[in-house]
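One structure below.
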Amino acid sequence: MTASTDRVSPLENWTARFAAASATPVQFSIREVAFATHINLRVDAAAFGAKVRAVLGCDLPVVANTWTTGGECSAIWLGPDEWLVVAPDGRNESFCADLRTALSGVHHAVTDLSANRTMLEIAGSDARVALAKGCPLDLHGSAFKPPQSAQSLLAKSQVLLQCVDANPVIRVFVRNSFAAYVAEWLLDAAAELAASRNLDTPRIANRLA
Amino acid sequence: MLQIDCPWCGMREEMEFSYGGQAHVAYPKDPHAVSDEDWAQYLFMRDNPKGLFLERWVHSQGCRRWFNVERHTVTHEITAVYKPGEPPPAAKP
Amino acid sequence: MSGTAANIARIEGAGKIDRTRPLAFTFNGRKLQGYAGDTLASALLANGIHLVARSFKYHRPRGMLTAGNEEPNALVQLERGPYTEPNLRATEIELYEGLDASSVNCFPNVQFDLRAINGLASSILVAGFYNKTFMWPKGFWKKVYEPALRAAAGLGVAPDSPDPDTYDRMHWHCDVLVVGAGPAGLSASLQAGRRGVRTVIVEEAPEAGGSLLQRPATIDGVAGTEWASKAFAELDAMPNVLFLCRTSVFGYYDHNYLMAVEHRTDHLGPGRSPGVARKRLWHFRAKRVVLATGAHERPIVFGNNDLPGIVLANAACTYATRYGVSLGKCGVAFVNNDHGFALALETQAVARNIAMIIDPRPDPDDALVKRAAALGVRVLCNSVIATAHGWNRVSSVDICPTRGTGLARLECDHVLVSGGLNPAVHLYSQAPGKLRYDANLACFLPDQCIQTVEVAGALNARFSLDSALEDGALAGKRTLHTLGQAVDAGAPAEAKDELHILPVWSVQAQLGLKLPGKHFVDYQNDVTEADILLASREGFRSVEHTKRYTTTGMATDQGKTSNVIGLAILAASLGKPIPEVGTTTFRPPFTPVTFGAIAGRDRGSLSDPVRTTPMHAWHVDNGAVFEDVGQWKRPWYFPKPGEDLHAAVARETKALRTTAGVMDATTLGKIDIQGADAAEFLNRVYTNAWTKLAVGSCRYGVMCRPDGMVMDDGVTARLADDRFLMTTTTGNAARVLDWLEEWLQTEWPELEVYCTTVTEQWATTAVVGPNARKILKALAPDMDFSNAAFPFMTFREGVVAGLAARVFRISFNGELSYEINVPSWHGLALWRAVIEAGKPHGLTPYGTETMHVARAEKGYIIIGQETDGTVTPQDVGLEWAVSKQKDFIGKRSFSRSDTARAGRKQLVGLLPQDKAFVAPEGSHLVASPERSTFDPRLGSPSIGHITSSYYSPNLESAFALALIANGRAMHGKTVYCSQGSGLKPMTVTDPVFIDKEGKRRDGID
Amino acid sequence: MQRFSFANLVRNSLSGHAHWKPFWRDAAPKQKYDAIIVGGGGHGLATAYYLAKNHGITNVAVLEKGWIGGGNTGRNTTIIRSNYLWNESGALYEHSLKLWEGLNEDLNINLMFSQRGVINLAHNQADVRESIRRVEANRLNGIDGEWLTPEQVKEFCPIIDISRTARYPVLGATLQRRGGTARHDTVAWGFARAADNLGVDIIQNCEVTGILREGGRVTGVRTTRGTIMAEKIGVVAAGHTSVVAAMADIRLPLQSHPLQALVSEPIKPIHPCVVMSNAVHVYLSQSDKGELVIGAGIDTFNSYSQRGSFHVIEHQMAALIELFPIFSRVRMLRTWGGIVDVCPDASPIVSKTPVKGLFLNCGWGTGGFKATPGSGWVFAHTIATGEPHPLNAAFALDRFSSGALIDEHGAAAVAH
């Protein structure tokens, strides 16, 4: 007996709603980026960052709440000895194995979390305002821009935000079981902003840009 | 809502943190060597000052690190933030 | 009736309303007309309507006292049906087409209110009267008195259906937050905005300007209103500035966190802005705050000072200059300060209806007296208004000299009053800032604050325009300076403005006479001067006591016009200066905020996340009934058509023991624990030993809190020498991870251990029952499932249904059981494959209820059900899992006298003598029928309670688990379930009901 | 004591109420008392009253740092019930509830004690189990209690949303019909008036700054109004108890937290009872004035400031609107905060201390108001006799060493 090897992402059924909400992408767009490789890495970067770099082709950022990119990977700071390595789909097993080998004998933890979370990418002039409706971070363009990232709350869900473009393009990492809640929440926020376009949305979005 | 300066992540809103009560409550070196009364001191008895208080917080929605805070329990002013293992700020006059 | 003709009180050419845009509205069923730019209050007054409300206790006729947020009287019920909203102030409602309002708290109508009969009993209904009566006969309180009191309670009515509107929330960070866009606030904002710092300006009114909108002024050679609109335009164009109008800052919290509510669509009318959130709650985190909240004028207490037509001078001026409304043909003003005097003259300049200014001072400002003469207003110094007369509106006042005697009656149809100014210190006080009393100005002013806040304008006692503008600019500069901007902070504040006030709080007290009429301090709550004096007489001499005894300041206006007067009257009665009596503390909200706005978007499906597993869609499609476990939705049972819970669970349980069952176990917490010291770490957090566990094997573990009570349990597998996978209960997943991190980071930083949550990385499908091996074999032909190759409490990695999987042979039900873990994106596919593979083998999906039954048959505990934070591992029969050798968290607590005592409540099994009797979980047990009810001497007869209780088709009997005192010594004895009306005998047994030898878990090879 | 009655009210109205006497004398401290009560809240005043009434000890001073009833007595949601889980708690709170039922007559003042019924909602299976466990425990402790189905909940309180699709569906509730509310301030004033009438000195604006000891026993207190001697001192200072106890070098298992509550604007009566929901942290009643009285949660951190954080209120409101959708357009009028002293087991301490003559009554956490008369009753006994009353014997300080805690947190709502 074999199962379908097609993977199902947490927001598989949301594509149409995302497309509808992204009708005017200059204002707002939203999509799920599913199945990327996510590896949680715990290690002393000051001592062993070079070993990691040798595997990933990417430095581990040592500045809190930032991310770096290199080779196929991005590495997002999660804590003083913790990073999320994001790479293209399918690289999880090899990177995990290579990291473990490279770090053998060193206190470390490599954990494949590729199926633990999904990622929503939102963009457009309303994106920051939409997040500001439920996220207590300072999301102003001068305060949250590449290469910044932050772990925080979005409404009642823990999230990891990564600002990948100042324009902005912001990635929202969310655990599978919270994904539908966060998606619903973001669509609701964006719809309100769209409905308020003649009232105040552009003015407020402009003040957060 | 307090604003707390996580020693790793910087200024964040209180809603990202969880409270951990009094700081520097040491686990007895040998719990089985202390009396029931002293064990109760470790388990339950806590300072509860009206004024400066050394307390623990964890940045539970952020970097998940524990740290210590010196905070005034009337004004809520935070006068120091420091990492575990670091000494508390000298007693203020 | 034409609108214009109906606006009998409009002053030709005056006001800033838009006369080209008439608006129809309804008040108490009457169709009326106003104009764009009106408030409901100004439109009513324009139509000659002064009587708009009734007071709370005596139902006295009331009209507008003010023109702003401090209004105590003019409360209305706005709109009808789901859009209705109680207790709104007519002075704050912007008029819109079709507005429909009515008076609250009157019957049958506001002109003739039957409850005004309360006024006749007013000599009895004094402050605190209800504490002194309604006690006899005793039974009457519940049946007669309280229902009668409640029948009279309340003002407006709540809607009777859910709110059709939506609400929004916004978090906003800024360098400078300026509250109030009057002259001082604008002036401060221009400083900040032009410097490029991130600035927010919040203004309650629909437009900027504050007092400039209602008082004639010239700034920089242009009219005040023009200056304000230019300032607004300049600020609003700056990308670093957010200018919010129709927004009230209502709370000033720690670390410069301020809350504001923006009224976004109220002025458009209900239902006219689909999709737009009606209100938005702003959460501001500001580096610096400038408060320029202005000042409220306050009344003077004299006889019948609550009659409609008696208004504050500032309000009269506002109605005339801003709305072009005249309050009558013949007005008198009663003022005790230059500010009020000037307002009366400004009103006269527009409305031409002020006959006389009555002033208790001997020497009002010369220039003002001359202006009065020029405007044709008589000035009567050394005089006061003693009493007003009238029915539903003031018709005359008695005037008397401040010294000597003699009353003169003066006909009039409205009265302007100014008793001085109360700077709006509310937000400052909330910060919390200390206040000080300024005897010269007769008001409380900001003094010291622990937060970084500046005050400016009238709040800072800069009452005149020039001085407010200067003060605002200085506050702006000081703020910029503290932000590190290269700005000269300016000279320290100079002397404050003068009001030349002669404090007159109460005319009666001032004259030392008893005057006729009622003398109101708090209008809405009908608190009179006599009430405050009574409170003082009865010993309520702290200001807080007086407030609580009389209810002064506790109405919906929150005492904006009454607090200081009440305080002054109390102080006078005690013969103390005002500062010695103190002031009450102001608390949020500054202005009432709807619950809906506070709840914001946390409504319906967004009120709390609903967490689901990758297999959820299948469960829904297959008719699962769900239960809430924390935020998770878990299948509770899978009923077939016609089945209830009982029938479905009987079927599912039977299948699990005779063929096979399948359950979604994804929600269990999973923590990946890595590092050289991982085994040592587990030794410390679990009660049993972990060092010798072989790689590839699993072990059940219990963890305790330091006080020795069970906290969580689960199976942990050793993935490698230095790597474990811990499982936790669903509800405790986050808590256990936090717990591990806490000990690692704060107590044992020397341990080389890292913990990572992998709960949602894996989807878990449990295949359970005698046929489980057959199903697994079908799914994973390459794996060896024999007992020898894959024994109980081990795990194997392999390919299951073509998917890479990790299979655990563990059991929470006593049957042969495999838990298949695959990456969650394969969870649904695997689940479907398992269902397919199980079809020939009677595989039955089951939910949490069947899981509960099956584990209870085996005496396995559930954390939170058999345990409640007061239970040790020994209490629930887990001493086998408690190490005698090593130390672990909680071990020390076991030797305390109560924890070590014999006879604690212990886990037992129970079999009812009536096999059909399923005792409700939570039922209590008693030892004998003779001692089954409460005895005052002996106390409760309970010896324990039932923690779990089910019907078991396998036992063909109901059964239960219970915690009872000294339970392990009671096996074989009969106890009685005390349930509802009867006592049901039950036999105490071992808690393991099925397969005590544990043979079933190996299945048939 | 001037009697309060309708007849007397009418009689006094004829003289414009000119002849009412103060509820209590504004006493100046004497040099020495038989007993000193530190803390002029409801519990302290009740203690003084029962010391005088039950034990004949009338040479008593109540020392209050501010104004009486100004702490948690005047800052709670006025809920009264006795449906606690454990026998020890049930007995103590039920004793208190019985006292409430006769307190108007006893104190000759109308406390507006309104037995409108208290329902505690159950939102999931674990809640249901715990609710039944509690109701049955209550019944066997002689305390009234009922289990209501969702439909019965709706009948008892028609404005609750009981639809199964609600985020927090109502699966049933416990009901204690004898529970209800009372007018909080009047409770302090009523006890003060009655205690004063028996000779107790109520001394306001008198802050205790030190506890005098000699040879392991108390001899008096230092205050902002001078030194006052007494060989028995009862500390009933709620959130400030740790601070006072520290003056006698006693460390307590207490943490002080801000607890908030709020009222709405008055609306016409619509809500007939008291509704509590532990799972979503909401409790709601409607006062005789028409205000909805709503309890919010505590801030997690230690604080002595009588103000809380707004996100706590936001959380409450969201839950409240889910349960009572029709209140969305009603407006929050006033919020306030108290300082609650929370014990690790959520039960109070009414106890002797290692210092002879020094007694403690604290740790009532978020639930002290309902206990006011019962707490005063047993504490007066403890002070008068030097030994606990049977009802408070289990609430001694030594339970933290023995492990015999009385855990009233309710079972942790977790499951597999």
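In the structure tokens, each chain is lettered A, B, ... as it comes, each chain's residues begin at 1, and ligands are numbered from 1 in order of appearance.
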
List every residue of chain D that has an atom at most 9 Å from any atom of chain B, giving for each one its closest atom pair and the distance in Å to one decimal, counting only C-alpha atoms, sorted by chain and then by ascending residue number, as a tab-separated table.
residue	atom	partner	partner_atom	distance
D:His240	CA	B:Lys50	CA	8.1
D:Ser242	CA	B:Asn48	CA	6.0
D:Val243	CA	B:Pro49	CA	6.4
D:Ala246	CA	B:Pro49	CA	8.9
D:Arg251	CA	B:Met45	CA	6.1
D:Leu252	CA	B:Met45	CA	5.2
D:Pro253	CA	B:Met45	CA	4.1
D:Leu254	CA	B:Arg46	CA	6.7
D:Gln255	CA	B:Asn48	CA	5.7
D:Ser256	CA	B:Asn48	CA	6.9
D:Thr300	CA	B:Tyr19	CA	6.2
D:Phe301	CA	B:Tyr19	CA	6.1
D:Asn302	CA	B:Thr73	CA	6.4
D:Ser303	CA	B:Thr73	CA	4.4
D:Tyr304	CA	B:Val74	CA	5.0
D:Ser305	CA	B:Val74	CA	4.8
D:Gln306	CA	B:Val74	CA	8.6
D:Gly308	CA	B:Met1	CA	8.1
D:Ser309	CA	B:Met1	CA	5.0
D:Phe310	CA	B:Met1	CA	6.6
D:His311	CA	B:Met1	CA	6.9
D:Val312	CA	B:Met1	CA	8.9
D:Cys343	CA	B:Phe44	CA	8.6
D:Pro344	CA	B:Phe44	CA	6.8
D:Asp398	CA	B:Glu37	CA	8.3
D:Phe400	CA	B:Ala40	CA	5.8
D:Ser401	CA	B:Ala40	CA	5.1
D:Ser402	CA	B:Asp36	CA	7.1
D:Gly403	CA	B:Ala40	CA	8.6

Going by DSSP on the backbone, which bits of chain B are strand (DSSP E or B)? Write them as JSON, numbers by chain, please. {"B": [3, 4, 5, 6, 10, 11, 12, 13, 18, 19, 20, 21, 22, 52, 53, 54, 55, 56, 57, 58, 66, 67, 68, 69, 70, 71, 72, 78, 79, 80, 81, 82]}

Find the residues near D:Gly367: any atom within 10 Å, counting only C-alpha atoms, skip ones fewer than 4 places away on the same chain, and give them as a ChimeraX atom specification. /D:72,76-81,340,342,346-348,363,371-372

Spatial neighbours of D:Ala188, max dist 6 Å, only C-alpha atoms, sep filter under 2 positions, as a ChimeraX atom specification: /D:42,69,185-186,190-191

Just write the chosen residues, C-alpha atoms, as a tab-separated table (two decimals), in the first residue's frame.
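Dumped everything to again00.tsv:
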chain	number	residue	atom	x	y	z
D	42	GLY	CA	-13.33	44.89	55.32
D	69	GLY	CA	-12.22	50.34	52.86
D	185	ASP	CA	-18.04	50.13	50.32
D	186	THR	CA	-20.98	49.78	52.65
D	190	GLY	CA	-21.09	48.95	58.23
D	191	PHE	CA	-18.42	46.98	60.10

Identify, on the basis of only C-alpha atoms, every residue whose closest approach to D:Ala384 does not exceed 9 Å; exclude the query and any residue fewer than 5 positions from it along the same chain; express the result as a list in words. Ala35, Leu51, His55, Ile57, Lys232 and Phe379 of chain D

Selection export as a PDB file, in the first residue's frame, atoms kept: C-alpha atoms:
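The resulting again_0.pdb:
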ATOM      1  CA  ALA D  35      -5.176  44.358  70.379  1.00  0.00           C
ATOM      2  CA  LEU D  51     -13.226  40.697  68.664  1.00  0.00           C
ATOM      3  CA  HIS D  55     -14.856  37.860  72.550  1.00  0.00           C
ATOM      4  CA  ILE D  57     -12.273  42.516  73.594  1.00  0.00           C
ATOM      5  CA  LYS D 232      -1.614  41.204  70.202  1.00  0.00           C
ATOM      6  CA  PHE D 379      -9.280  35.809  62.785  1.00  0.00           C
TER       7      PHE D 379
END

Contact set, chain C to chain A: 6 Å, only C-alpha atoms, as a ChimeraX atom specification: /C:169-171,173,239,275-276,609,611-612,674,760-761,779,801-802,823-826,829-830,833

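Going from atom CA of C:Asp784 over to atom CA of C:Arg657, you cover 22.8 Å.
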
Using only C-alpha atoms, determine which residues lie at most 6 Å from stretch 273-288 of chain D, disregarding the query and same-chain residues fewer than 4 positions distant; provide the list as number ranges by chain. C: 150; D: 116-121, 292-295

Would you write out those residues with N, CA, C and O atoms, as a JSON list (two decimals), in the first residue's frame?
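That gives us selection_35.json:
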[["chain", "number", "residue", "atom", "x", "y", "z"],
["C", 150, "ARG", "N", -34.20, 48.21, 40.97],
["C", 150, "ARG", "CA", -33.64, 47.85, 39.67],
["C", 150, "ARG", "C", -34.53, 48.35, 38.53],
["C", 150, "ARG", "O", -34.03, 48.66, 37.44],
["D", 116, "ARG", "N", -28.63, 36.76, 43.83],
["D", 116, "ARG", "CA", -29.19, 36.58, 42.50],
["D", 116, "ARG", "C", -28.68, 35.34, 41.80],
["D", 116, "ARG", "O", -29.04, 35.08, 40.67],
["D", 117, "GLY", "N", -27.79, 34.63, 42.46],
["D", 117, "GLY", "CA", -27.28, 33.41, 41.86],
["D", 117, "GLY", "C", -25.98, 33.66, 41.09],
["D", 117, "GLY", "O", -25.85, 34.65, 40.38],
["D", 118, "VAL", "N", -25.04, 32.74, 41.27],
["D", 118, "VAL", "CA", -23.76, 32.82, 40.57],
["D", 118, "VAL", "C", -23.63, 31.59, 39.70],
["D", 118, "VAL", "O", -23.76, 30.47, 40.19],
["D", 119, "ILE", "N", -23.40, 31.79, 38.41],
["D", 119, "ILE", "CA", -23.14, 30.62, 37.57],
["D", 119, "ILE", "C", -21.69, 30.66, 37.07],
["D", 119, "ILE", "O", -21.15, 31.71, 36.75],
["D", 120, "ASN", "N", -21.07, 29.48, 37.09],
["D", 120, "ASN", "CA", -19.71, 29.31, 36.57],
["D", 120, "ASN", "C", -19.81, 28.45, 35.31],
["D", 120, "ASN", "O", -20.21, 27.29, 35.38],
["D", 121, "LEU", "N", -19.41, 29.01, 34.19],
["D", 121, "LEU", "CA", -19.59, 28.31, 32.92],
["D", 121, "LEU", "C", -18.50, 27.26, 32.69],
["D", 121, "LEU", "O", -17.36, 27.44, 33.08],
["D", 292, "LEU", "N", -22.82, 47.43, 34.29],
["D", 292, "LEU", "CA", -22.27, 46.08, 34.19],
["D", 292, "LEU", "C", -20.94, 46.11, 34.93],
["D", 292, "LEU", "O", -20.09, 46.96, 34.66],
["D", 293, "VAL", "N", -20.78, 45.20, 35.87],
["D", 293, "VAL", "CA", -19.55, 45.13, 36.66],
["D", 293, "VAL", "C", -18.77, 43.93, 36.16],
["D", 293, "VAL", "O", -19.27, 42.80, 36.17],
["D", 294, "ILE", "N", -17.56, 44.17, 35.68],
["D", 294, "ILE", "CA", -16.81, 43.14, 34.98],
["D", 294, "ILE", "C", -15.43, 43.00, 35.59],
["D", 294, "ILE", "O", -14.72, 43.99, 35.76],
["D", 295, "GLY", "N", -15.10, 41.78, 35.92],
["D", 295, "GLY", "CA", -13.77, 41.53, 36.47],
["D", 295, "GLY", "C", -12.81, 41.18, 35.34],
["D", 295, "GLY", "O", -13.16, 40.46, 34.41]]

Using DSSP assignments from the backbone, pull out every residue in stretch 25-207 of chain A that falls under helix (DSSP H, G or I) and give it to me as a PyMOL selection string. chain A and resi 45-56+92-102+127-132+176-195+201-207

Tell me, counting only C-alpha atoms, for each residue of chain A within 6 Å of chain B, which pair of atoms is nearest and how far apart they are in Å to one decimal, in rows ordered by chain and increasing number, as CSV.
residue,atom,partner,partner_atom,distance
A:Ala64,CA,B:Cys9,CA,5.9
A:Leu78,CA,B:Cys63,CA,5.6
A:Gly79,CA,B:Cys63,CA,4.7
A:Gln151,CA,B:Gly62,CA,4.7
A:Ser152,CA,B:Gln61,CA,5.4

Computed interatomic separation between atom CA of C:Cys106 and atom CA of C:Val76 (Å):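 That distance, rounded to one decimal, is 10.9 Å.
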
Chain C residues near chain B (9 Å cut-off, only C-alpha atoms) as a PyMOL selection string: chain C and resi 253-257+285+432+450-451+706-707+738+741-742+745-747+749+887+891-893+895-897

Write out as a PyMOL selection string the residues lying within 8 Å of A:Ala123, counting only C-alpha atoms and excluding same-chain residues fewer than 2 positions away. chain A and resi 25-30+121+125-127+167-170

Resulting file, chosen residues, N, CA, C and O atoms, as an mmCIF file, in the first residue's frame:
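And here is the file that came out, part_19.cif:
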data_model
loop_
_atom_site.group_PDB
_atom_site.id
_atom_site.type_symbol
_atom_site.label_atom_id
_atom_site.label_comp_id
_atom_site.auth_asym_id
_atom_site.auth_seq_id
_atom_site.Cartn_x
_atom_site.Cartn_y
_atom_site.Cartn_z
ATOM 1 N N PRO A 25 -1.753 44.155 -6.622
ATOM 2 C CA PRO A 25 -0.546 43.812 -5.853
ATOM 3 C C PRO A 25 0.255 45.015 -5.391
ATOM 4 O O PRO A 25 0.980 44.915 -4.408
ATOM 5 N N VAL A 26 0.112 46.142 -6.093
ATOM 6 C CA VAL A 26 0.878 47.303 -5.639
ATOM 7 C C VAL A 26 0.402 47.710 -4.238
ATOM 8 O O VAL A 26 1.157 48.237 -3.432
ATOM 9 N N GLN A 27 -0.849 47.408 -3.937
ATOM 10 C CA GLN A 27 -1.360 47.701 -2.602
ATOM 11 C C GLN A 27 -1.181 46.523 -1.654
ATOM 12 O O GLN A 27 -0.731 46.695 -0.533
ATOM 13 N N PHE A 28 -1.565 45.362 -2.120
ATOM 14 C CA PHE A 28 -1.430 44.208 -1.230
ATOM 15 C C PHE A 28 -1.383 42.928 -2.042
ATOM 16 O O PHE A 28 -2.159 42.748 -2.975
ATOM 17 N N SER A 29 -0.470 42.064 -1.649
ATOM 18 C CA SER A 29 -0.498 40.720 -2.208
ATOM 19 C C SER A 29 -0.101 39.739 -1.127
ATOM 20 O O SER A 29 0.586 40.101 -0.168
ATOM 21 N N ILE A 30 -0.573 38.540 -1.292
ATOM 22 C CA ILE A 30 -0.289 37.514 -0.297
ATOM 23 C C ILE A 30 -0.188 36.172 -0.984
ATOM 24 O O ILE A 30 -0.963 35.877 -1.914
ATOM 25 N N GLU A 121 4.014 35.137 2.312
ATOM 26 C CA GLU A 121 4.756 36.312 1.858
ATOM 27 C C GLU A 121 3.739 37.392 1.520
ATOM 28 O O GLU A 121 2.848 37.181 0.696
ATOM 29 N N SER A 125 1.868 48.209 -0.633
ATOM 30 C CA SER A 125 1.887 49.395 0.231
ATOM 31 C C SER A 125 1.108 49.187 1.528
ATOM 32 O O SER A 125 1.359 49.851 2.518
ATOM 33 N N ASP A 126 0.149 48.275 1.526
ATOM 34 C CA ASP A 126 -0.647 48.058 2.738
ATOM 35 C C ASP A 126 -0.040 47.015 3.681
ATOM 36 O O ASP A 126 -0.556 46.801 4.776
ATOM 37 N N ALA A 127 1.037 46.379 3.241
ATOM 38 C CA ALA A 127 1.499 45.209 3.996
ATOM 39 C C ALA A 127 1.891 45.572 5.424
ATOM 40 O O ALA A 127 1.549 44.877 6.382
ATOM 41 N N ASN A 167 10.393 47.357 0.034
ATOM 42 C CA ASN A 167 9.296 47.902 -0.808
ATOM 43 C C ASN A 167 7.905 47.916 -0.200
ATOM 44 O O ASN A 167 7.133 48.778 -0.581
ATOM 45 N N PRO A 168 7.395 47.073 0.605
ATOM 46 C CA PRO A 168 8.089 45.988 1.279
ATOM 47 C C PRO A 168 7.613 44.624 0.803
ATOM 48 O O PRO A 168 6.512 44.489 0.292
ATOM 49 N N VAL A 169 8.478 43.656 1.004
ATOM 50 C CA VAL A 169 8.075 42.250 0.933
ATOM 51 C C VAL A 169 8.437 41.651 2.280
ATOM 52 O O VAL A 169 9.598 41.730 2.697
ATOM 53 N N ILE A 170 7.447 41.124 2.955
ATOM 54 C CA ILE A 170 7.670 40.606 4.308
ATOM 55 C C ILE A 170 7.200 39.159 4.360
ATOM 56 O O ILE A 170 6.094 38.838 3.914
#

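Between atom CA of C:Ala205 and atom CA of C:Ser189 the separation is 16.4 Å.
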
Counting only C-alpha atoms, which residue out of C:Ala121, C:Leu911, C:Val768, C:Ile569 sits closest to chain D?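 Selected residue with least distance to chain D: C:Ala121.
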
Find, counting only C-alpha atoms, the residue in C:Trp391, C:Phe232, C:Trp762, C:Tyr83 that gets nearest to chain D.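 Among C:Trp391, C:Phe232, C:Trp762, C:Tyr83, it is C:Tyr83 that comes nearest to chain D.
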